[in-house]
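Student: File follows, structure.pdb with PDB, N, CA and C atoms:
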```pdb
ATOM      1  N   MET A   1      91.197  65.688  10.012
ATOM      2  CA  MET A   1      91.146  64.490   9.181
ATOM      3  C   MET A   1      91.161  64.901   7.712
ATOM      4  N   ASN A   2      91.877  64.149   6.922
ATOM      5  CA  ASN A   2      91.991  64.418   5.495
ATOM      6  C   ASN A   2      90.699  64.019   4.797
ATOM      7  N   LYS A   3      89.993  65.007   4.251
ATOM      8  CA  LYS A   3      88.703  64.744   3.604
ATOM      9  C   LYS A   3      88.842  63.899   2.343
ATOM     10  N   LYS A   4      90.040  63.869   1.761
ATOM     11  CA  LYS A   4      90.254  63.081   0.545
ATOM     12  C   LYS A   4      90.151  61.581   0.812
ATOM     13  N   ILE A   5      90.474  61.149   2.026
ATOM     14  CA  ILE A   5      90.422  59.714   2.319
ATOM     15  C   ILE A   5      89.103  59.294   2.945
ATOM     16  N   LYS A   6      88.271  60.240   3.322
ATOM     17  CA  LYS A   6      86.994  59.914   3.973
ATOM     18  C   LYS A   6      85.984  59.525   2.888
ATOM     19  N   THR A   7      85.973  58.227   2.579
ATOM     20  CA  THR A   7      85.064  57.703   1.563
ATOM     21  C   THR A   7      84.326  56.506   2.147
ATOM     22  N   ASP A   8      83.286  56.081   1.467
ATOM     23  CA  ASP A   8      82.559  54.887   1.908
ATOM     24  C   ASP A   8      83.465  53.661   1.906
ATOM     25  N   SER A   9      84.349  53.565   0.916
ATOM     26  CA  SER A   9      85.251  52.420   0.832
ATOM     27  C   SER A   9      86.242  52.391   1.993
ATOM     28  N   VAL A  10      86.780  53.547   2.344
ATOM     29  CA  VAL A  10      87.710  53.614   3.470
ATOM     30  C   VAL A  10      86.962  53.329   4.768
ATOM     31  N   ASP A  11      85.744  53.863   4.905
ATOM     32  CA  ASP A  11      84.925  53.559   6.084
ATOM     33  C   ASP A  11      84.712  52.052   6.222
ATOM     34  N   ALA A  12      84.415  51.389   5.121
ATOM     35  CA  ALA A  12      84.189  49.937   5.147
ATOM     36  C   ALA A  12      85.469  49.198   5.552
ATOM     37  N   LEU A  13      86.608  49.638   5.030
ATOM     38  CA  LEU A  13      87.880  49.026   5.398
ATOM     39  C   LEU A  13      88.133  49.181   6.899
ATOM     40  N   PHE A  14      87.930  50.378   7.420
ATOM     41  CA  PHE A  14      88.177  50.614   8.844
ATOM     42  C   PHE A  14      87.198  49.835   9.722
ATOM     43  N   ARG A  15      85.961  49.683   9.275
ATOM     44  CA  ARG A  15      85.000  48.834  10.019
ATOM     45  C   ARG A  15      85.510  47.401  10.065
ATOM     46  N   ALA A  16      86.070  46.935   8.957
ATOM     47  CA  ALA A  16      86.631  45.577   8.922
ATOM     48  C   ALA A  16      87.805  45.462   9.892
ATOM     49  N   ILE A  17      88.672  46.452   9.905
ATOM     50  CA  ILE A  17      89.846  46.407  10.783
ATOM     51  C   ILE A  17      89.437  46.419  12.252
ATOM     52  N   VAL A  18      88.503  47.285  12.621
ATOM     53  CA  VAL A  18      88.126  47.344  14.041
ATOM     54  C   VAL A  18      87.327  46.122  14.468
ATOM     55  N   SER A  19      86.871  45.313  13.524
ATOM     56  CA  SER A  19      86.164  44.086  13.891
ATOM     57  C   SER A  19      87.135  42.973  14.295
ATOM     58  N   LEU A  20      88.414  43.136  13.962
ATOM     59  CA  LEU A  20      89.407  42.111  14.286
ATOM     60  C   LEU A  20      89.659  42.088  15.787
ATOM     61  N   GLU A  21      89.791  40.890  16.333
ATOM     62  CA  GLU A  21      89.910  40.776  17.785
ATOM     63  C   GLU A  21      91.241  40.232  18.274
ATOM     64  N   THR A  22      91.986  39.551  17.420
ATOM     65  CA  THR A  22      93.256  38.966  17.858
ATOM     66  C   THR A  22      94.357  39.290  16.862
ATOM     67  N   LYS A  23      95.586  39.112  17.332
ATOM     68  CA  LYS A  23      96.731  39.308  16.440
ATOM     69  C   LYS A  23      96.674  38.312  15.291
ATOM     70  N   GLU A  24      96.258  37.086  15.574
ATOM     71  CA  GLU A  24      96.137  36.063  14.521
ATOM     72  C   GLU A  24      95.133  36.503  13.451
ATOM     73  N   GLU A  25      93.997  37.063  13.867
ATOM     74  CA  GLU A  25      93.022  37.575  12.892
ATOM     75  C   GLU A  25      93.641  38.697  12.057
ATOM     76  N   CYS A  26      94.445  39.547  12.692
ATOM     77  CA  CYS A  26      95.114  40.624  11.964
ATOM     78  C   CYS A  26      96.069  40.055  10.917
ATOM     79  N   TYR A  27      96.863  39.065  11.328
ATOM     80  CA  TYR A  27      97.770  38.434  10.365
ATOM     81  C   TYR A  27      96.991  37.888   9.171
ATOM     82  N   ARG A  28      95.937  37.166   9.437
ATOM     83  CA  ARG A  28      95.172  36.547   8.348
ATOM     84  C   ARG A  28      94.587  37.597   7.414
ATOM     85  N   PHE A  29      93.982  38.643   7.974
ATOM     86  CA  PHE A  29      93.350  39.676   7.162
ATOM     87  C   PHE A  29      94.389  40.477   6.376
ATOM     88  N   PHE A  30      95.423  40.956   7.080
ATOM     89  CA  PHE A  30      96.398  41.820   6.416
ATOM     90  C   PHE A  30      97.251  41.070   5.405
ATOM     91  N   GLU A  31      97.492  39.780   5.623
ATOM     92  CA  GLU A  31      98.221  39.007   4.618
ATOM     93  C   GLU A  31      97.398  38.863   3.335
ATOM     94  N   ASP A  32      96.082  38.815   3.450
ATOM     95  CA  ASP A  32      95.226  38.785   2.266
ATOM     96  C   ASP A  32      95.095  40.170   1.640
ATOM     97  N   LEU A  33      95.044  41.198   2.481
ATOM     98  CA  LEU A  33      94.799  42.559   2.005
ATOM     99  C   LEU A  33      96.029  43.187   1.359
ATOM    100  N   CYS A  34      97.194  42.984   1.955
ATOM    101  CA  CYS A  34      98.414  43.690   1.545
ATOM    102  C   CYS A  34      99.420  42.739   0.907
ATOM    103  N   THR A  35     100.272  43.318   0.093
ATOM    104  CA  THR A  35     101.428  42.557  -0.356
ATOM    105  C   THR A  35     102.396  42.483   0.825
ATOM    106  N   VAL A  36     103.356  41.591   0.745
ATOM    107  CA  VAL A  36     104.365  41.481   1.798
ATOM    108  C   VAL A  36     105.087  42.818   1.954
ATOM    109  N   ASN A  37     105.466  43.438   0.840
ATOM    110  CA  ASN A  37     106.184  44.715   0.899
ATOM    111  C   ASN A  37     105.346  45.826   1.513
ATOM    112  N   GLU A  38     104.049  45.872   1.205
ATOM    113  CA  GLU A  38     103.180  46.881   1.810
ATOM    114  C   GLU A  38     103.113  46.710   3.321
ATOM    115  N   LEU A  39     102.947  45.482   3.753
ATOM    116  CA  LEU A  39     102.852  45.201   5.185
ATOM    117  C   LEU A  39     104.173  45.513   5.888
ATOM    118  N   LEU A  40     105.278  45.157   5.270
ATOM    119  CA  LEU A  40     106.583  45.465   5.855
ATOM    120  C   LEU A  40     106.823  46.976   5.911
ATOM    121  N   SER A  41     106.362  47.704   4.904
ATOM    122  CA  SER A  41     106.506  49.165   4.899
ATOM    123  C   SER A  41     105.692  49.793   6.038
ATOM    124  N   LEU A  42     104.467  49.315   6.223
ATOM    125  CA  LEU A  42     103.639  49.830   7.316
ATOM    126  C   LEU A  42     104.275  49.541   8.670
ATOM    127  N   SER A  43     104.759  48.326   8.842
ATOM    128  CA  SER A  43     105.367  47.966  10.123
ATOM    129  C   SER A  43     106.666  48.745  10.337
ATOM    130  N   GLN A  44     107.410  49.018   9.263
ATOM    131  CA  GLN A  44     108.634  49.810   9.380
ATOM    132  C   GLN A  44     108.308  51.222   9.864
ATOM    133  N   ARG A  45     107.268  51.838   9.301
ATOM    134  CA  ARG A  45     106.871  53.187   9.726
ATOM    135  C   ARG A  45     106.484  53.207  11.201
ATOM    136  N   PHE A  46     105.783  52.166  11.629
ATOM    137  CA  PHE A  46     105.378  52.103  13.028
ATOM    138  C   PHE A  46     106.604  51.951  13.926
ATOM    139  N   GLU A  47     107.566  51.140  13.499
ATOM    140  CA  GLU A  47     108.803  50.981  14.276
ATOM    141  C   GLU A  47     109.573  52.297  14.317
ATOM    142  N   VAL A  48     109.621  53.004  13.202
ATOM    143  CA  VAL A  48     110.277  54.313  13.154
ATOM    144  C   VAL A  48     109.602  55.265  14.138
ATOM    145  N   ALA A  49     108.279  55.296  14.148
ATOM    146  CA  ALA A  49     107.548  56.178  15.063
ATOM    147  C   ALA A  49     107.867  55.837  16.517
ATOM    148  N   THR A  50     107.932  54.557  16.810
ATOM    149  CA  THR A  50     108.257  54.115  18.166
ATOM    150  C   THR A  50     109.648  54.584  18.563
ATOM    151  N   MET A  51     110.588  54.441  17.660
ATOM    152  CA  MET A  51     111.957  54.834  17.960
ATOM    153  C   MET A  51     112.104  56.353  18.067
ATOM    154  N   LEU A  52     111.404  57.097  17.214
ATOM    155  CA  LEU A  52     111.428  58.560  17.323
ATOM    156  C   LEU A  52     110.856  58.996  18.664
ATOM    157  N   ARG A  53     109.781  58.358  19.071
ATOM    158  CA  ARG A  53     109.156  58.664  20.359
ATOM    159  C   ARG A  53     110.117  58.380  21.509
ATOM    160  N   ASP A  54     110.994  57.401  21.322
ATOM    161  CA  ASP A  54     112.000  57.058  22.328
ATOM    162  C   ASP A  54     113.277  57.890  22.162
ATOM    163  N   ASN A  55     113.181  58.953  21.353
ATOM    164  CA  ASN A  55     114.285  59.912  21.143
ATOM    165  C   ASN A  55     115.538  59.299  20.521
ATOM    166  N   LYS A  56     115.359  58.296  19.672
ATOM    167  CA  LYS A  56     116.483  57.736  18.923
ATOM    168  C   LYS A  56     116.841  58.690  17.790
ATOM    169  N   THR A  57     118.094  58.670  17.376
ATOM    170  CA  THR A  57     118.532  59.539  16.286
ATOM    171  C   THR A  57     118.138  58.929  14.942
ATOM    172  N   TYR A  58     118.136  59.783  13.916
ATOM    173  CA  TYR A  58     117.852  59.291  12.572
ATOM    174  C   TYR A  58     118.826  58.181  12.195
ATOM    175  N   LEU A  59     120.095  58.357  12.556
ATOM    176  CA  LEU A  59     121.107  57.358  12.214
ATOM    177  C   LEU A  59     120.806  56.021  12.900
ATOM    178  N   GLU A  60     120.475  56.056  14.187
ATOM    179  CA  GLU A  60     120.123  54.830  14.912
ATOM    180  C   GLU A  60     118.913  54.143  14.265
ATOM    181  N   ILE A  61     117.927  54.957  13.919
ATOM    182  CA  ILE A  61     116.699  54.425  13.329
ATOM    183  C   ILE A  61     116.984  53.806  11.965
ATOM    184  N   ALA A  62     117.733  54.518  11.141
ATOM    185  CA  ALA A  62     118.060  54.023   9.799
ATOM    186  C   ALA A  62     118.837  52.714   9.881
ATOM    187  N   GLU A  63     119.789  52.648  10.811
ATOM    188  CA  GLU A  63     120.585  51.433  10.937
ATOM    189  C   GLU A  63     119.750  50.248  11.400
ATOM    190  N   LYS A  64     118.841  50.472  12.350
ATOM    191  CA  LYS A  64     118.057  49.364  12.890
ATOM    192  C   LYS A  64     116.925  48.937  11.957
ATOM    193  N   THR A  65     116.267  49.900  11.314
ATOM    194  CA  THR A  65     115.064  49.583  10.534
ATOM    195  C   THR A  65     115.311  49.490   9.035
ATOM    196  N   GLY A  66     116.380  50.098   8.554
ATOM    197  CA  GLY A  66     116.611  50.165   7.116
ATOM    198  C   GLY A  66     115.788  51.248   6.437
ATOM    199  N   ALA A  67     115.082  52.043   7.229
ATOM    200  CA  ALA A  67     114.253  53.122   6.668
ATOM    201  C   ALA A  67     115.137  54.227   6.114
ATOM    202  N   SER A  68     114.677  54.842   5.050
ATOM    203  CA  SER A  68     115.400  55.975   4.476
ATOM    204  C   SER A  68     115.176  57.201   5.362
ATOM    205  N   THR A  69     116.060  58.188   5.208
ATOM    206  CA  THR A  69     115.872  59.425   5.973
ATOM    207  C   THR A  69     114.577  60.122   5.554
ATOM    208  N   ALA A  70     114.165  59.947   4.311
ATOM    209  CA  ALA A  70     112.895  60.535   3.856
ATOM    210  C   ALA A  70     111.718  59.908   4.612
ATOM    211  N   THR A  71     111.744  58.589   4.785
ATOM    212  CA  THR A  71     110.684  57.913   5.535
ATOM    213  C   THR A  71     110.704  58.349   6.989
ATOM    214  N   ILE A  72     111.881  58.413   7.578
ATOM    215  CA  ILE A  72     111.990  58.829   8.975
ATOM    216  C   ILE A  72     111.464  60.249   9.142
ATOM    217  N   SER A  73     111.832  61.120   8.220
ATOM    218  CA  SER A  73     111.378  62.508   8.263
ATOM    219  C   SER A  73     109.863  62.601   8.131
ATOM    220  N   ARG A  74     109.294  61.810   7.238
ATOM    221  CA  ARG A  74     107.836  61.824   7.051
ATOM    222  C   ARG A  74     107.124  61.369   8.313
ATOM    223  N   VAL A  75     107.607  60.302   8.920
ATOM    224  CA  VAL A  75     107.001  59.812  10.159
ATOM    225  C   VAL A  75     107.161  60.855  11.261
ATOM    226  N   ASN A  76     108.325  61.490  11.320
ATOM    227  CA  ASN A  76     108.561  62.530  12.320
ATOM    228  C   ASN A  76     107.584  63.690  12.152
ATOM    229  N   ARG A  77     107.336  64.077  10.909
ATOM    230  CA  ARG A  77     106.356  65.137  10.633
ATOM    231  C   ARG A  77     104.975  64.733  11.128
ATOM    232  N   SER A  78     104.608  63.482  10.896
ATOM    233  CA  SER A  78     103.307  62.996  11.366
ATOM    234  C   SER A  78     103.229  63.025  12.893
ATOM    235  N   LEU A  79     104.314  62.644  13.544
ATOM    236  CA  LEU A  79     104.333  62.668  15.013
ATOM    237  C   LEU A  79     104.193  64.088  15.543
ATOM    238  N   ASN A  80     104.836  65.038  14.864
ATOM    239  CA  ASN A  80     104.849  66.415  15.361
ATOM    240  C   ASN A  80     103.691  67.271  14.872
ATOM    241  N   TYR A  81     103.204  67.012  13.671
ATOM    242  CA  TYR A  81     102.200  67.901  13.076
ATOM    243  C   TYR A  81     100.985  67.177  12.532
ATOM    244  N   GLY A  82     100.893  65.880  12.776
ATOM    245  CA  GLY A  82      99.800  65.090  12.223
ATOM    246  C   GLY A  82      98.543  65.145  13.085
ATOM    247  N   ASN A  83      97.758  64.113  12.997
ATOM    248  CA  ASN A  83      96.469  64.035  13.687
ATOM    249  C   ASN A  83      96.558  63.320  15.029
ATOM    250  N   ASP A  84      97.764  63.138  15.548
ATOM    251  CA  ASP A  84      98.005  62.456  16.827
ATOM    252  C   ASP A  84      97.576  60.992  16.803
ATOM    253  N   GLY A  85      97.526  60.407  15.619
ATOM    254  CA  GLY A  85      97.144  59.009  15.497
ATOM    255  C   GLY A  85      98.151  58.068  16.132
ATOM    256  N   TYR A  86      99.435  58.328  15.899
ATOM    257  CA  TYR A  86     100.460  57.483  16.520
ATOM    258  C   TYR A  86     100.352  57.576  18.036
ATOM    259  N   GLU A  87     100.262  58.796  18.544
ATOM    260  CA  GLU A  87     100.221  58.999  19.997
ATOM    261  C   GLU A  87      99.000  58.323  20.611
ATOM    262  N   MET A  88      97.873  58.389  19.917
ATOM    263  CA  MET A  88      96.654  57.735  20.390
ATOM    264  C   MET A  88      96.884  56.224  20.505
ATOM    265  N   VAL A  89      97.492  55.639  19.491
ATOM    266  CA  VAL A  89      97.741  54.194  19.494
ATOM    267  C   VAL A  89      98.746  53.825  20.577
ATOM    268  N   PHE A  90      99.816  54.613  20.707
ATOM    269  CA  PHE A  90     100.796  54.330  21.762
ATOM    270  C   PHE A  90     100.131  54.355  23.134
ATOM    271  N   SER A  91      99.296  55.344  23.377
ATOM    272  CA  SER A  91      98.604  55.459  24.671
ATOM    273  C   SER A  91      97.693  54.268  24.914
ATOM    274  N   LYS A  92      96.940  53.880  23.893
ATOM    275  CA  LYS A  92      96.041  52.732  24.032
ATOM    276  C   LYS A  92      96.825  51.446  24.278
ATOM    277  N   MET A  93      97.924  51.275  23.553
ATOM    278  CA  MET A  93      98.738  50.073  23.734
ATOM    279  C   MET A  93      99.332  50.027  25.149
ATOM    280  N   ASN A  94      99.826  51.172  25.621
ATOM    281  CA  ASN A  94     100.399  51.220  26.964
ATOM    282  C   ASN A  94      99.343  50.939  28.028
ATOM    283  N   ALA A  95      98.159  51.482  27.850
ATOM    284  CA  ALA A  95      97.083  51.251  28.820
ATOM    285  C   ALA A  95      96.680  49.780  28.845
ATOM    286  N   ARG A  96      96.562  49.190  27.673
ATOM    287  CA  ARG A  96      96.194  47.766  27.608
ATOM    288  C   ARG A  96      97.294  46.885  28.168
ATOM    289  N   ALA A  97      98.553  47.230  27.902
ATOM    290  CA  ALA A  97      99.670  46.460  28.437
ATOM    291  C   ALA A  97      99.706  46.573  29.959
ATOM    292  N   ALA A  98      99.454  47.777  30.471
ATOM    293  CA  ALA A  98      99.467  47.979  31.917
ATOM    294  C   ALA A  98      98.365  47.194  32.611
ATOM    295  N   SER A  99      97.250  47.019  31.914
ATOM    296  CA  SER A  99      96.135  46.272  32.499
ATOM    297  C   SER A  99      96.301  44.765  32.312
ATOM    298  N   GLY A 100      97.344  44.368  31.566
ATOM    299  CA  GLY A 100      97.575  42.953  31.312
ATOM    300  C   GLY A 100      96.728  42.400  30.187
ATOM    301  N   ASP A 101      96.024  43.299  29.479
ATOM    302  CA  ASP A 101      95.121  42.887  28.409
ATOM    303  C   ASP A 101      95.859  42.408  27.165
ATOM    304  N   ILE A 102      97.006  43.009  26.863
ATOM    305  CA  ILE A 102      97.813  42.602  25.701
ATOM    306  C   ILE A 102      99.279  42.646  26.075
ATOM    307  N   GLU A 103     100.081  42.023  25.246
ATOM    308  CA  GLU A 103     101.523  42.105  25.465
ATOM    309  C   GLU A 103     101.999  43.451  25.008
ATOM    310  N   LYS A 104     103.013  43.980  25.636
ATOM    311  CA  LYS A 104     103.553  45.290  25.296
ATOM    312  C   LYS A 104     104.464  45.200  24.109
TER     313      LYS A 104
END
```
Re-express the file's structure as structure tokens.

Tutor:
Amino acid sequence: MNKKIKTDSVDALFRAIVSLETKEECYRFFEDLCTVNELLSLSQRFEVATMLRDNKTYLEIAEKTGASTATISRVNRSLNYGNDGYEMVFSKMNARAASGDIEK
């Protein structure tokens, strides 16, 4: 974990995020917290990660998401050398979808 981001303020933000229970609550909170562009950038990175995990090419990803090759490369680095955060979320989402708890 990056010690530079481990602060009381970040801890408080993450406590707020994990308190959210529905997609609607997420929309309401994140629309207040982020600008439209920030939220779209975050969702684009997540879509890029999903597509990389599905072995899509950079060209396919760029065409579908509009992400730059620099963004795709950064997300790819995180998938391969990061803290396994994407993989953890993918696993949790798949498990919840398999149990019928959330939509896939």

Student: Pull the helix (DSSP H, G or I) assignments for stretch 19-98 of chain A out of DSSP run on the backbone, and list those residues as a count of residues only.

Tutor: 64

Student: With distances taken over only C-alpha atoms, which of A:Tyr81, A:Tyr58, A:Phe90, A:Phe30 is nearest to A:Leu13?

Tutor: A:Phe30

Student: As an exercise, work out the distance from atom CA of A:Ser91 to atom CA of A:Leu33 in Å and give it to one decimal place.

Tutor: 26.4 Å
